[in-house]
Amino acid sequence: MPIKNRLAEMHDEITAWRRDLHEHPEILFETHRTSGLVAQKLREFGCDDVTEGIGRTGVVGVIRGKSNTSGKVIGLRADMDALPILEATGLDYASKTPGAMHACGHDGHTAMLLGAAKYLSETRNFDGTVVLIFQPAEEGGGGGKEMCDDGLMEKWGIQEVYGMHNWPGLPLGSFAIRPGGFFAATDQFVIDIEGKGGHAAKPHETIDTTVIASHTVLALQSIVSRNVDPTMEAVVSVTSFKTSSNAFNVIPQGVQIKGTVRTLSPEVRALAEQRLPAIAMKTAEVFGGKAEVNYIRGYPVMVNTEAETEFAAGAAIAVTGRCDEAPLVMGGEDFAYMLEERPGAYILLGNGDTASVHNPEYNFDDDIIPTGCSWWAEIVEQRMPAA
């Protein structure tokens with residue numbers, strides 16, 4: 001089946017929902033208006049159960065099929081939160097909230113899952129149960145983990161879970177996916193280097209933290225180039241370098257370095273976590289200073305399970321006729337927490353030649369709405385065919 005006729009008919013309606021969400025972005029767990037709107041629509045559609053407040057501001061809806069001889073329960077997840085970005089699109093429906101913007105397309109994800117929810121509530125042409133998961137705080141807040149910690153999988157008996165993300169750069173309306181490690185673990189580090197400050201004209205009387213920190217920045221790159229297997233993926237990036245003084249004639253007492261580590265396997269992640277503090281502390285020691293390291297684990301590696309990835313690709317092929325192999329992504333995705341608890345898969349939906357996500361000029365292309373909605377519907381109707 002290509003794009004479903006009913007979803008094509010609903011295109012304008014779903015677009016209107018999406019643009020309303022775009023005008024009213026909410027950040028992290030502050031998705032009160034968005035969550036309320038989602039819950040209201042799910043009830044209007046006739047969902048069998050709607051629960052609010054899971055993972056603080058998450059919403060869960062349940063739709064039961066015409067029959068339930070299979071006993072299957074499938075979760076479908078969309079993220080709802082926006083980013084702290086000042087929008088620069090100039091659109092008629094641009095953000096009305098200063099400093100907040102749907103710059104990652106979560107407005108589109110939410111609208112597409114709502115569209116699929118309306119379709120599935122009307123047709124119920126499946127044998128089993130669908131659990132609709134609307135998640136807050138994907139953008140750094142770990143809303144997926146919060147929902148899981150609230151018992152999402154156990155309370156609703158979810159057996160498999162599927163997610164989707166629009167992707168600028170992929171052809172408009174195309175699909176791409178890959179099994180195994182897909183999105184990277186996203187760890188952070190803070191290194192505080194302490195030395196002995198003094199006059200810049202008398203460096204011999206100081207322990208120069210700027211020199212220590214500079215050597216540390218370079219030495220940290222050896223984790224990827226000399227510690228990680230060359231066939232594995234890892235990124236170590238120093239993103240902040242701040243001295244305790246900004247005067248021309250002062251050697252600073254301290255320097256703070258911040259950065260991120262991205263990896264695609266638990267083994268490489270553990271290696272980086274072990275090597276980074278060792279390098280920082282020993283480098284400082286060589287120059288007579290000391291370093292304190294705070295290594296902060298973020299989102300885990302997002303791993304698509306083999307069988308569910310194959311099935312998700314098949315559903316995409318049913319909608320568009322093809323599904324390509326997705327590239328590895330060194331960005332993070334907190335759907336990883338849900339895939340740690342249940343088998344499932346995450347797919348990319350092409351957003352065409354647009355500005356990248358997290359860019360103030362980004363915009364979700366409404367032309368892909370029926371395609372995304374149809375994929376959600378195919379997941380349900382193929383995985384739980386009507387008895």
# chains A, B, ... in the order shown; residues from 1 in each chain; ligands from 1
call {"tool": "select_by_dssp", "arguments": {"residues": "segment 7-121 of chain A", "states": "strand (DSSP E or B)", "output": "PyMOL selection string"}}
result
chain A and resi 27+49-54+58-64+67+73-79+82-83+101
call {"tool": "write_last_selection", "arguments": {"atoms": "N, CA and C atoms", "output": "PDB file, in the first residue's frame"}}
result
ATOM      1  N   ILE A  27       9.840  24.098  25.789  1.00  0.00           N
ATOM      2  CA  ILE A  27      11.156  23.499  25.957  1.00  0.00           C
ATOM      3  C   ILE A  27      11.156  22.440  27.070  1.00  0.00           C
ATOM      4  N   ASP A  49      -7.897   4.800  25.982  1.00  0.00           N
ATOM      5  CA  ASP A  49      -7.371   5.282  27.255  1.00  0.00           C
ATOM      6  C   ASP A  49      -6.359   6.377  26.971  1.00  0.00           C
ATOM      7  N   VAL A  50      -6.382   7.430  27.768  1.00  0.00           N
ATOM      8  CA  VAL A  50      -5.406   8.521  27.648  1.00  0.00           C
ATOM      9  C   VAL A  50      -4.907   8.847  29.046  1.00  0.00           C
ATOM     10  N   THR A  51      -3.587   8.793  29.220  1.00  0.00           N
ATOM     11  CA  THR A  51      -2.976   9.061  30.521  1.00  0.00           C
ATOM     12  C   THR A  51      -1.966  10.190  30.381  1.00  0.00           C
ATOM     13  N   GLU A  52      -2.068  11.169  31.245  1.00  0.00           N
ATOM     14  CA  GLU A  52      -1.143  12.292  31.239  1.00  0.00           C
ATOM     15  C   GLU A  52      -0.181  12.187  32.424  1.00  0.00           C
ATOM     16  N   GLY A  53       0.915  12.931  32.348  1.00  0.00           N
ATOM     17  CA  GLY A  53       1.838  13.009  33.476  1.00  0.00           C
ATOM     18  C   GLY A  53       2.821  11.871  33.580  1.00  0.00           C
ATOM     19  N   ILE A  54       3.031  11.113  32.502  1.00  0.00           N
ATOM     20  CA  ILE A  54       4.050  10.064  32.508  1.00  0.00           C
ATOM     21  C   ILE A  54       5.376  10.695  32.074  1.00  0.00           C
ATOM     22  N   GLY A  58       4.682  13.783  29.873  1.00  0.00           N
ATOM     23  CA  GLY A  58       4.406  12.900  28.747  1.00  0.00           C
ATOM     24  C   GLY A  58       2.952  12.459  28.717  1.00  0.00           C
ATOM     25  N   VAL A  59       2.515  12.027  27.534  1.00  0.00           N
ATOM     26  CA  VAL A  59       1.140  11.569  27.329  1.00  0.00           C
ATOM     27  C   VAL A  59       1.175  10.188  26.680  1.00  0.00           C
ATOM     28  N   VAL A  60       0.317   9.300  27.163  1.00  0.00           N
ATOM     29  CA  VAL A  60       0.210   7.952  26.606  1.00  0.00           C
ATOM     30  C   VAL A  60      -1.237   7.696  26.208  1.00  0.00           C
ATOM     31  N   GLY A  61      -1.441   7.268  24.964  1.00  0.00           N
ATOM     32  CA  GLY A  61      -2.777   6.903  24.484  1.00  0.00           C
ATOM     33  C   GLY A  61      -2.798   5.450  24.068  1.00  0.00           C
ATOM     34  N   VAL A  62      -3.951   4.818  24.220  1.00  0.00           N
ATOM     35  CA  VAL A  62      -4.103   3.406  23.876  1.00  0.00           C
ATOM     36  C   VAL A  62      -5.240   3.249  22.875  1.00  0.00           C
ATOM     37  N   ILE A  63      -4.967   2.493  21.802  1.00  0.00           N
ATOM     38  CA  ILE A  63      -5.992   2.153  20.809  1.00  0.00           C
ATOM     39  C   ILE A  63      -6.007   0.637  20.660  1.00  0.00           C
ATOM     40  N   ARG A  64      -7.156   0.040  20.867  1.00  0.00           N
ATOM     41  CA  ARG A  64      -7.294  -1.410  20.718  1.00  0.00           C
ATOM     42  C   ARG A  64      -7.870  -1.728  19.347  1.00  0.00           C
ATOM     43  N   SER A  67      -9.746  -6.819  17.069  1.00  0.00           N
ATOM     44  CA  SER A  67      -9.599  -8.079  17.792  1.00  0.00           C
ATOM     45  C   SER A  67      -8.272  -8.061  18.527  1.00  0.00           C
ATOM     46  N   VAL A  73       1.389  -5.923  21.665  1.00  0.00           N
ATOM     47  CA  VAL A  73       1.297  -4.522  22.081  1.00  0.00           C
ATOM     48  C   VAL A  73       2.518  -3.799  21.503  1.00  0.00           C
ATOM     49  N   ILE A  74       2.250  -2.813  20.660  1.00  0.00           N
ATOM     50  CA  ILE A  74       3.318  -2.081  19.995  1.00  0.00           C
ATOM     51  C   ILE A  74       3.277  -0.617  20.410  1.00  0.00           C
ATOM     52  N   GLY A  75       4.440  -0.062  20.753  1.00  0.00           N
ATOM     53  CA  GLY A  75       4.549   1.344  21.114  1.00  0.00           C
ATOM     54  C   GLY A  75       5.049   2.176  19.940  1.00  0.00           C
ATOM     55  N   LEU A  76       4.432   3.340  19.753  1.00  0.00           N
ATOM     56  CA  LEU A  76       4.848   4.302  18.732  1.00  0.00           C
ATOM     57  C   LEU A  76       5.176   5.610  19.440  1.00  0.00           C
ATOM     58  N   ARG A  77       6.354   6.145  19.233  1.00  0.00           N
ATOM     59  CA  ARG A  77       6.800   7.295  20.017  1.00  0.00           C
ATOM     60  C   ARG A  77       7.093   8.523  19.165  1.00  0.00           C
ATOM     61  N   ALA A  78       6.615   9.681  19.629  1.00  0.00           N
ATOM     62  CA  ALA A  78       6.963  10.975  19.030  1.00  0.00           C
ATOM     63  C   ALA A  78       7.435  11.911  20.136  1.00  0.00           C
ATOM     64  N   ASP A  79       8.429  12.760  19.837  1.00  0.00           N
ATOM     65  CA  ASP A  79       8.903  13.738  20.807  1.00  0.00           C
ATOM     66  C   ASP A  79       8.183  15.066  20.579  1.00  0.00           C
ATOM     67  N   ALA A  82      10.678  21.620  22.056  1.00  0.00           N
ATOM     68  CA  ALA A  82      11.376  22.525  21.147  1.00  0.00           C
ATOM     69  C   ALA A  82      12.763  22.851  21.694  1.00  0.00           C
ATOM     70  N   LEU A  83      13.431  23.808  21.050  1.00  0.00           N
ATOM     71  CA  LEU A  83      14.792  24.187  21.418  1.00  0.00           C
ATOM     72  C   LEU A  83      14.868  25.656  21.835  1.00  0.00           C
ATOM     73  N   MET A 101      11.963  27.649  19.756  1.00  0.00           N
ATOM     74  CA  MET A 101      11.641  27.334  18.362  1.00  0.00           C
ATOM     75  C   MET A 101      11.630  25.829  18.156  1.00  0.00           C
TER      76      MET A 101
END
call {"tool": "select_by_dssp", "arguments": {"residues": "segment 102-326 of chain A", "states": "helix (DSSP H, G or I)", "output": "number ranges by chain"}}
result
A: 106-123, 143-149, 152-155, 203-205, 209-220, 222-227, 266-286, 306-320
call {"tool": "closest_residue", "arguments": {"among": "A:Glu160, A:Ala386, A:Ile223, A:Ala185", "to": "Ala312 of chain A", "atoms": "only C-alpha atoms"}}
result
A:Glu160
call {"tool": "closest_residue", "arguments": {"among": "A:Asp367, A:Asp208, A:Glu30, A:Glu361", "to": "Ile85 of chain A", "atoms": "only C-alpha atoms"}}
result
A:Glu361
call {"tool": "residues_around", "arguments": {"residues": "Glu154 of chain A", "least_positions_apart": "5", "cutoff": "12 Å", "atoms": "only C-alpha atoms", "output": "ChimeraX atom specification"}}
result
/A:73,75,131,147-149,159-160,338,341-342
call {"tool": "write_last_selection", "arguments": {"atoms": "N, CA and C atoms", "output": "PDB file, in the first residue's frame"}}
result
ATOM      1  N   VAL A  73       1.389  -5.923  21.665  1.00  0.00           N
ATOM      2  CA  VAL A  73       1.297  -4.522  22.081  1.00  0.00           C
ATOM      3  C   VAL A  73       2.518  -3.799  21.503  1.00  0.00           C
ATOM      4  N   GLY A  75       4.440  -0.062  20.753  1.00  0.00           N
ATOM      5  CA  GLY A  75       4.549   1.344  21.114  1.00  0.00           C
ATOM      6  C   GLY A  75       5.049   2.176  19.940  1.00  0.00           C
ATOM      7  N   VAL A 131       0.097   1.495  21.596  1.00  0.00           N
ATOM      8  CA  VAL A 131       0.339   2.460  22.657  1.00  0.00           C
ATOM      9  C   VAL A 131       1.059   3.661  22.041  1.00  0.00           C
ATOM     10  N   MET A 147      10.135   8.684  31.230  1.00  0.00           N
ATOM     11  CA  MET A 147       8.932   7.899  30.944  1.00  0.00           C
ATOM     12  C   MET A 147       9.167   6.424  31.262  1.00  0.00           C
ATOM     13  N   CYS A 148      10.332   5.924  30.906  1.00  0.00           N
ATOM     14  CA  CYS A 148      10.654   4.524  31.226  1.00  0.00           C
ATOM     15  C   CYS A 148      10.721   4.309  32.733  1.00  0.00           C
ATOM     16  N   ASP A 149      11.327   5.275  33.445  1.00  0.00           N
ATOM     17  CA  ASP A 149      11.421   5.170  34.902  1.00  0.00           C
ATOM     18  C   ASP A 149      10.044   5.200  35.562  1.00  0.00           C
ATOM     19  N   GLN A 159       5.636  -4.442  23.965  1.00  0.00           N
ATOM     20  CA  GLN A 159       6.548  -5.512  23.573  1.00  0.00           C
ATOM     21  C   GLN A 159       7.620  -5.057  22.577  1.00  0.00           C
ATOM     22  N   GLU A 160       7.283  -4.082  21.734  1.00  0.00           N
ATOM     23  CA  GLU A 160       8.227  -3.497  20.779  1.00  0.00           C
ATOM     24  C   GLU A 160       7.896  -2.022  20.659  1.00  0.00           C
ATOM     25  N   MET A 338      14.404   3.841  25.457  1.00  0.00           N
ATOM     26  CA  MET A 338      13.289   2.932  25.185  1.00  0.00           C
ATOM     27  C   MET A 338      13.784   1.667  24.497  1.00  0.00           C
ATOM     28  N   GLU A 341      15.093  -0.955  26.765  1.00  0.00           N
ATOM     29  CA  GLU A 341      14.093  -1.732  27.502  1.00  0.00           C
ATOM     30  C   GLU A 341      13.305  -2.701  26.618  1.00  0.00           C
ATOM     31  N   ARG A 342      13.156  -2.374  25.339  1.00  0.00           N
ATOM     32  CA  ARG A 342      12.369  -3.209  24.434  1.00  0.00           C
ATOM     33  C   ARG A 342      13.011  -3.227  23.049  1.00  0.00           C
TER      34      ARG A 342
END
call {"tool": "closest_atom_pairs", "arguments": {"of": "segment 19-134 of chain A", "to": "segment 376-383 of chain A", "cutoff": "8 Å", "atoms": "only C-alpha atoms", "output": "Markdown table"}}
result
| residue | atom | partner | partner_atom | distance |
| --- | --- | --- | --- | --- |
| A:Ile74 | CA | A:Val380 | CA | 7.4 |
| A:Leu76 | CA | A:Trp376 | CA | 7.5 |
| A:Leu113 | CA | A:Trp376 | CA | 7.2 |
| A:Ala116 | CA | A:Ala377 | CA | 6.0 |
| A:Tyr119 | CA | A:Ala377 | CA | 7.8 |
| A:Leu120 | CA | A:Ala377 | CA | 7.0 |
| A:Asn125 | CA | A:Glu381 | CA | 6.7 |
| A:Phe126 | CA | A:Glu381 | CA | 5.3 |
| A:Val130 | CA | A:Val380 | CA | 7.3 |
call {"tool": "closest_atom_pairs", "arguments": {"of": "segment 181-232 of chain A", "to": "segment 256-259 of chain A", "cutoff": "8 Å", "atoms": "only C-alpha atoms", "output": "CSV"}}
result
residue,atom,partner,partner_atom,distance
A:Gln188,CA,A:Gly259,CA,5.7
A:Phe189,CA,A:Gly259,CA,5.5
A:Val190,CA,A:Lys258,CA,4.6
A:Ile191,CA,A:Ile257,CA,5.0
A:Asp192,CA,A:Gln256,CA,4.6
A:Ile193,CA,A:Gln256,CA,6.1
A:Ala213,CA,A:Ile257,CA,7.5
call {"tool": "write_last_selection", "arguments": {"atoms": "N, CA and C atoms", "output": "mmCIF file, in the first residue's frame"}}
result
data_model
loop_
_atom_site.group_PDB
_atom_site.id
_atom_site.type_symbol
_atom_site.label_atom_id
_atom_site.label_comp_id
_atom_site.auth_asym_id
_atom_site.auth_seq_id
_atom_site.Cartn_x
_atom_site.Cartn_y
_atom_site.Cartn_z
ATOM 1 N N GLN A 188 29.613 14.053 28.355
ATOM 2 C CA GLN A 188 30.206 15.373 28.517
ATOM 3 C C GLN A 188 31.320 15.300 29.554
ATOM 4 N N PHE A 189 32.220 16.251 29.472
ATOM 5 C CA PHE A 189 33.269 16.305 30.497
ATOM 6 C C PHE A 189 33.590 17.747 30.850
ATOM 7 N N VAL A 190 34.007 17.927 32.105
ATOM 8 C CA VAL A 190 34.497 19.215 32.605
ATOM 9 C C VAL A 190 35.842 18.947 33.266
ATOM 10 N N ILE A 191 36.874 19.664 32.835
ATOM 11 C CA ILE A 191 38.211 19.515 33.399
ATOM 12 C C ILE A 191 38.619 20.845 34.030
ATOM 13 N N ASP A 192 38.863 20.832 35.326
ATOM 14 C CA ASP A 192 39.327 22.032 36.039
ATOM 15 C C ASP A 192 40.811 21.872 36.339
ATOM 16 N N ILE A 193 41.605 22.736 35.734
ATOM 17 C CA ILE A 193 43.062 22.678 35.876
ATOM 18 C C ILE A 193 43.516 23.790 36.823
ATOM 19 N N ALA A 213 46.582 23.403 29.876
ATOM 20 C CA ALA A 213 45.305 23.168 29.206
ATOM 21 C C ALA A 213 45.491 22.976 27.710
#
call {"tool": "closest_residue", "arguments": {"among": "A:Ala8, A:Ala345, A:Ile369, A:Ala355", "to": "Ala307 of chain A", "atoms": "only C-alpha atoms"}}
result
A:Ala345
call {"tool": "atom_distance", "arguments": {"atom1": "atom CA of Ser121 of chain A", "atom2": "atom CA of Gly65 of chain A"}}
result
8.4 Å
call {"tool": "atom_distance", "arguments": {"atom1": "atom CA of His199 of chain A", "atom2": "atom CA of Val250 of chain A"}}
result
5.0 Å
call {"tool": "residues_around", "arguments": {"residues": "Leu348 of chain A", "least_positions_apart": "5", "cutoff": "12 Å", "atoms": "only C-alpha atoms", "output": "ChimeraX atom specification"}}
result
/A:109,162-178,182-183,309,312-313,316,323-329,368,371-372,375
call {"tool": "residues_around", "arguments": {"residues": "Phe29 of chain A", "least_positions_apart": "6", "cutoff": "7 Å", "atoms": "only C-alpha atoms", "output": "PyMOL selection string"}}
result
chain A and resi 56-57+136-137
call {"tool": "closest_residue", "arguments": {"among": "A:Met330, A:Ile212, A:Ala201, A:Ala234", "to": "Glu267 of chain A", "atoms": "only C-alpha atoms"}}
result
A:Ala234
call {"tool": "residues_around", "arguments": {"residues": "Glu26 of chain A", "least_positions_apart": "2", "cutoff": "12 Å", "atoms": "only C-alpha atoms", "output": "CSV table (one decimal) with C-alpha atoms, in the first residue's frame"}}
result
chain,number,residue,atom,x,y,z
A,21,LEU,CA,2.4,23.5,17.5
A,22,HIS,CA,5.2,25.4,15.7
A,23,GLU,CA,3.7,28.7,16.8
A,24,HIS,CA,3.7,27.6,20.4
A,28,LEU,CA,12.2,20.3,27.8
A,29,PHE,CA,9.5,19.3,30.3
A,30,GLU,CA,7.5,22.5,30.0
A,31,THR,CA,5.3,21.1,27.3
A,32,HIS,CA,2.1,21.9,29.2
A,33,ARG,CA,0.2,23.4,26.3
A,34,THR,CA,1.5,20.8,23.8
A,35,SER,CA,0.7,17.8,26.1
A,57,THR,CA,4.6,15.9,31.1
A,79,ASP,CA,8.9,13.7,20.8
A,80,MET,CA,7.2,17.1,21.6
A,81,ASP,CA,9.7,19.6,22.9
A,82,ALA,CA,11.4,22.5,21.1
A,83,LEU,CA,14.8,24.2,21.4
A,84,PRO,CA,16.0,27.4,23.1
A,85,ILE,CA,16.7,29.1,19.7
A,95,SER,CA,7.2,30.9,16.9
A,96,LYS,CA,5.3,33.3,19.1
A,97,THR,CA,7.6,32.5,22.1
A,98,PRO,CA,10.8,34.6,22.1
A,99,GLY,CA,13.9,32.4,22.4
A,100,ALA,CA,12.1,29.1,21.7
A,101,MET,CA,11.6,27.3,18.4
A,102,HIS,CA,10.7,24.0,16.9
A,103,ALA,CA,14.1,23.8,15.2
A,106,HIS,CA,9.3,17.6,16.9
A,107,ASP,CA,6.2,19.6,16.0
A,136,PRO,CA,8.8,15.6,26.4
A,137,ALA,CA,12.4,16.7,26.9
A,138,GLU,CA,14.2,14.8,24.1
A,139,GLU,CA,16.6,17.8,23.6
call {"tool": "residues_around", "arguments": {"residues": "Ser214 of chain A", "least_positions_apart": "6", "cutoff": "12 Å", "atoms": "only C-alpha atoms", "output": "list of chain:residue names"}}
result
A:Ile193, A:Asp208, A:Leu220, A:Gln221, A:Val238, A:Ser240, A:Phe241, A:Lys242, A:Thr243, A:Val255, A:Gln256, A:Ile257, A:Ala280, A:Thr283, A:Ala284, A:Phe287
call {"tool": "decode", "arguments": {"residues": "segment 238-268 of chain A", "atoms": "N, CA and C atoms", "output": "PDB file, in the first residue's frame"}}
result
ATOM      1  N   VAL A 238      36.738  19.240  22.355  1.00  0.00           N
ATOM      2  CA  VAL A 238      36.781  20.292  23.375  1.00  0.00           C
ATOM      3  C   VAL A 238      36.026  21.488  22.808  1.00  0.00           C
ATOM      4  N   THR A 239      35.021  21.944  23.530  1.00  0.00           N
ATOM      5  CA  THR A 239      34.133  22.994  23.017  1.00  0.00           C
ATOM      6  C   THR A 239      34.183  24.284  23.824  1.00  0.00           C
ATOM      7  N   SER A 240      34.893  24.259  24.948  1.00  0.00           N
ATOM      8  CA  SER A 240      35.000  25.463  25.780  1.00  0.00           C
ATOM      9  C   SER A 240      36.352  25.476  26.471  1.00  0.00           C
ATOM     10  N   PHE A 241      36.997  26.652  26.486  1.00  0.00           N
ATOM     11  CA  PHE A 241      38.322  26.825  27.098  1.00  0.00           C
ATOM     12  C   PHE A 241      38.280  28.176  27.790  1.00  0.00           C
ATOM     13  N   LYS A 242      38.198  28.164  29.119  1.00  0.00           N
ATOM     14  CA  LYS A 242      37.975  29.404  29.863  1.00  0.00           C
ATOM     15  C   LYS A 242      39.031  29.564  30.953  1.00  0.00           C
ATOM     16  N   THR A 243      39.786  30.658  30.881  1.00  0.00           N
ATOM     17  CA  THR A 243      40.791  30.946  31.903  1.00  0.00           C
ATOM     18  C   THR A 243      40.179  31.777  33.029  1.00  0.00           C
ATOM     19  N   SER A 244      40.794  31.715  34.178  1.00  0.00           N
ATOM     20  CA  SER A 244      40.272  32.451  35.331  1.00  0.00           C
ATOM     21  C   SER A 244      40.600  33.939  35.258  1.00  0.00           C
ATOM     22  N   SER A 245      41.452  34.314  34.321  1.00  0.00           N
ATOM     23  CA  SER A 245      41.777  35.734  34.106  1.00  0.00           C
ATOM     24  C   SER A 245      41.800  35.990  32.610  1.00  0.00           C
ATOM     25  N   ASN A 246      41.382  37.207  32.219  1.00  0.00           N
ATOM     26  CA  ASN A 246      41.460  37.564  30.795  1.00  0.00           C
ATOM     27  C   ASN A 246      42.352  38.787  30.550  1.00  0.00           C
ATOM     28  N   ALA A 247      43.248  39.047  31.483  1.00  0.00           N
ATOM     29  CA  ALA A 247      44.160  40.183  31.331  1.00  0.00           C
ATOM     30  C   ALA A 247      45.332  39.815  30.421  1.00  0.00           C
ATOM     31  N   PHE A 248      45.944  40.832  29.805  1.00  0.00           N
ATOM     32  CA  PHE A 248      47.075  40.589  28.916  1.00  0.00           C
ATOM     33  C   PHE A 248      48.332  40.164  29.678  1.00  0.00           C
ATOM     34  N   ASN A 249      48.426  40.601  30.936  1.00  0.00           N
ATOM     35  CA  ASN A 249      49.687  40.417  31.645  1.00  0.00           C
ATOM     36  C   ASN A 249      49.577  39.487  32.850  1.00  0.00           C
ATOM     37  N   VAL A 250      48.582  38.612  32.845  1.00  0.00           N
ATOM     38  CA  VAL A 250      48.376  37.693  33.969  1.00  0.00           C
ATOM     39  C   VAL A 250      48.350  36.252  33.464  1.00  0.00           C
ATOM     40  N   ILE A 251      49.170  35.419  34.048  1.00  0.00           N
ATOM     41  CA  ILE A 251      49.064  33.965  33.831  1.00  0.00           C
ATOM     42  C   ILE A 251      48.011  33.456  34.807  1.00  0.00           C
ATOM     43  N   PRO A 252      46.934  32.860  34.315  1.00  0.00           N
ATOM     44  CA  PRO A 252      45.793  32.537  35.176  1.00  0.00           C
ATOM     45  C   PRO A 252      46.068  31.391  36.148  1.00  0.00           C
ATOM     46  N   GLN A 253      45.439  31.494  37.285  1.00  0.00           N
ATOM     47  CA  GLN A 253      45.537  30.462  38.315  1.00  0.00           C
ATOM     48  C   GLN A 253      44.843  29.170  37.876  1.00  0.00           C
ATOM     49  N   GLY A 254      43.775  29.316  37.101  1.00  0.00           N
ATOM     50  CA  GLY A 254      43.008  28.130  36.707  1.00  0.00           C
ATOM     51  C   GLY A 254      42.470  28.235  35.298  1.00  0.00           C
ATOM     52  N   VAL A 255      42.196  27.086  34.719  1.00  0.00           N
ATOM     53  CA  VAL A 255      41.544  26.984  33.398  1.00  0.00           C
ATOM     54  C   VAL A 255      40.506  25.879  33.478  1.00  0.00           C
ATOM     55  N   GLN A 256      39.353  26.142  32.887  1.00  0.00           N
ATOM     56  CA  GLN A 256      38.324  25.104  32.804  1.00  0.00           C
ATOM     57  C   GLN A 256      38.095  24.738  31.333  1.00  0.00           C
ATOM     58  N   ILE A 257      38.124  23.452  31.056  1.00  0.00           N
ATOM     59  CA  ILE A 257      37.873  22.922  29.715  1.00  0.00           C
ATOM     60  C   ILE A 257      36.576  22.115  29.760  1.00  0.00           C
ATOM     61  N   LYS A 258      35.741  22.299  28.755  1.00  0.00           N
ATOM     62  CA  LYS A 258      34.526  21.495  28.632  1.00  0.00           C
ATOM     63  C   LYS A 258      34.484  20.858  27.247  1.00  0.00           C
ATOM     64  N   GLY A 259      33.742  19.764  27.145  1.00  0.00           N
ATOM     65  CA  GLY A 259      33.617  19.140  25.835  1.00  0.00           C
ATOM     66  C   GLY A 259      32.680  17.950  25.846  1.00  0.00           C
ATOM     67  N   THR A 260      32.700  17.230  24.736  1.00  0.00           N
ATOM     68  CA  THR A 260      31.798  16.097  24.574  1.00  0.00           C
ATOM     69  C   THR A 260      32.541  14.909  23.982  1.00  0.00           C
ATOM     70  N   VAL A 261      32.066  13.715  24.320  1.00  0.00           N
ATOM     71  CA  VAL A 261      32.586  12.464  23.774  1.00  0.00           C
ATOM     72  C   VAL A 261      31.420  11.723  23.133  1.00  0.00           C
ATOM     73  N   ARG A 262      31.585  11.321  21.882  1.00  0.00           N
ATOM     74  CA  ARG A 262      30.537  10.592  21.160  1.00  0.00           C
ATOM     75  C   ARG A 262      31.084   9.231  20.747  1.00  0.00           C
ATOM     76  N   THR A 263      30.346   8.177  21.064  1.00  0.00           N
ATOM     77  CA  THR A 263      30.780   6.822  20.737  1.00  0.00           C
ATOM     78  C   THR A 263      29.572   5.991  20.299  1.00  0.00           C
ATOM     79  N   LEU A 264      29.856   4.883  19.605  1.00  0.00           N
ATOM     80  CA  LEU A 264      28.769   4.046  19.075  1.00  0.00           C
ATOM     81  C   LEU A 264      28.819   2.611  19.579  1.00  0.00           C
ATOM     82  N   SER A 265      29.615   2.388  20.628  1.00  0.00           N
ATOM     83  CA  SER A 265      29.602   1.060  21.253  1.00  0.00           C
ATOM     84  C   SER A 265      29.888   1.221  22.739  1.00  0.00           C
ATOM     85  N   PRO A 266      29.333   0.356  23.565  1.00  0.00           N
ATOM     86  CA  PRO A 266      29.595   0.425  25.005  1.00  0.00           C
ATOM     87  C   PRO A 266      31.074   0.272  25.339  1.00  0.00           C
ATOM     88  N   GLU A 267      31.781  -0.540  24.555  1.00  0.00           N
ATOM     89  CA  GLU A 267      33.192  -0.793  24.839  1.00  0.00           C
ATOM     90  C   GLU A 267      34.033   0.468  24.600  1.00  0.00           C
ATOM     91  N   VAL A 268      33.792   1.144  23.491  1.00  0.00           N
ATOM     92  CA  VAL A 268      34.537   2.368  23.193  1.00  0.00           C
ATOM     93  C   VAL A 268      34.148   3.470  24.169  1.00  0.00           C
TER      94      VAL A 268
END
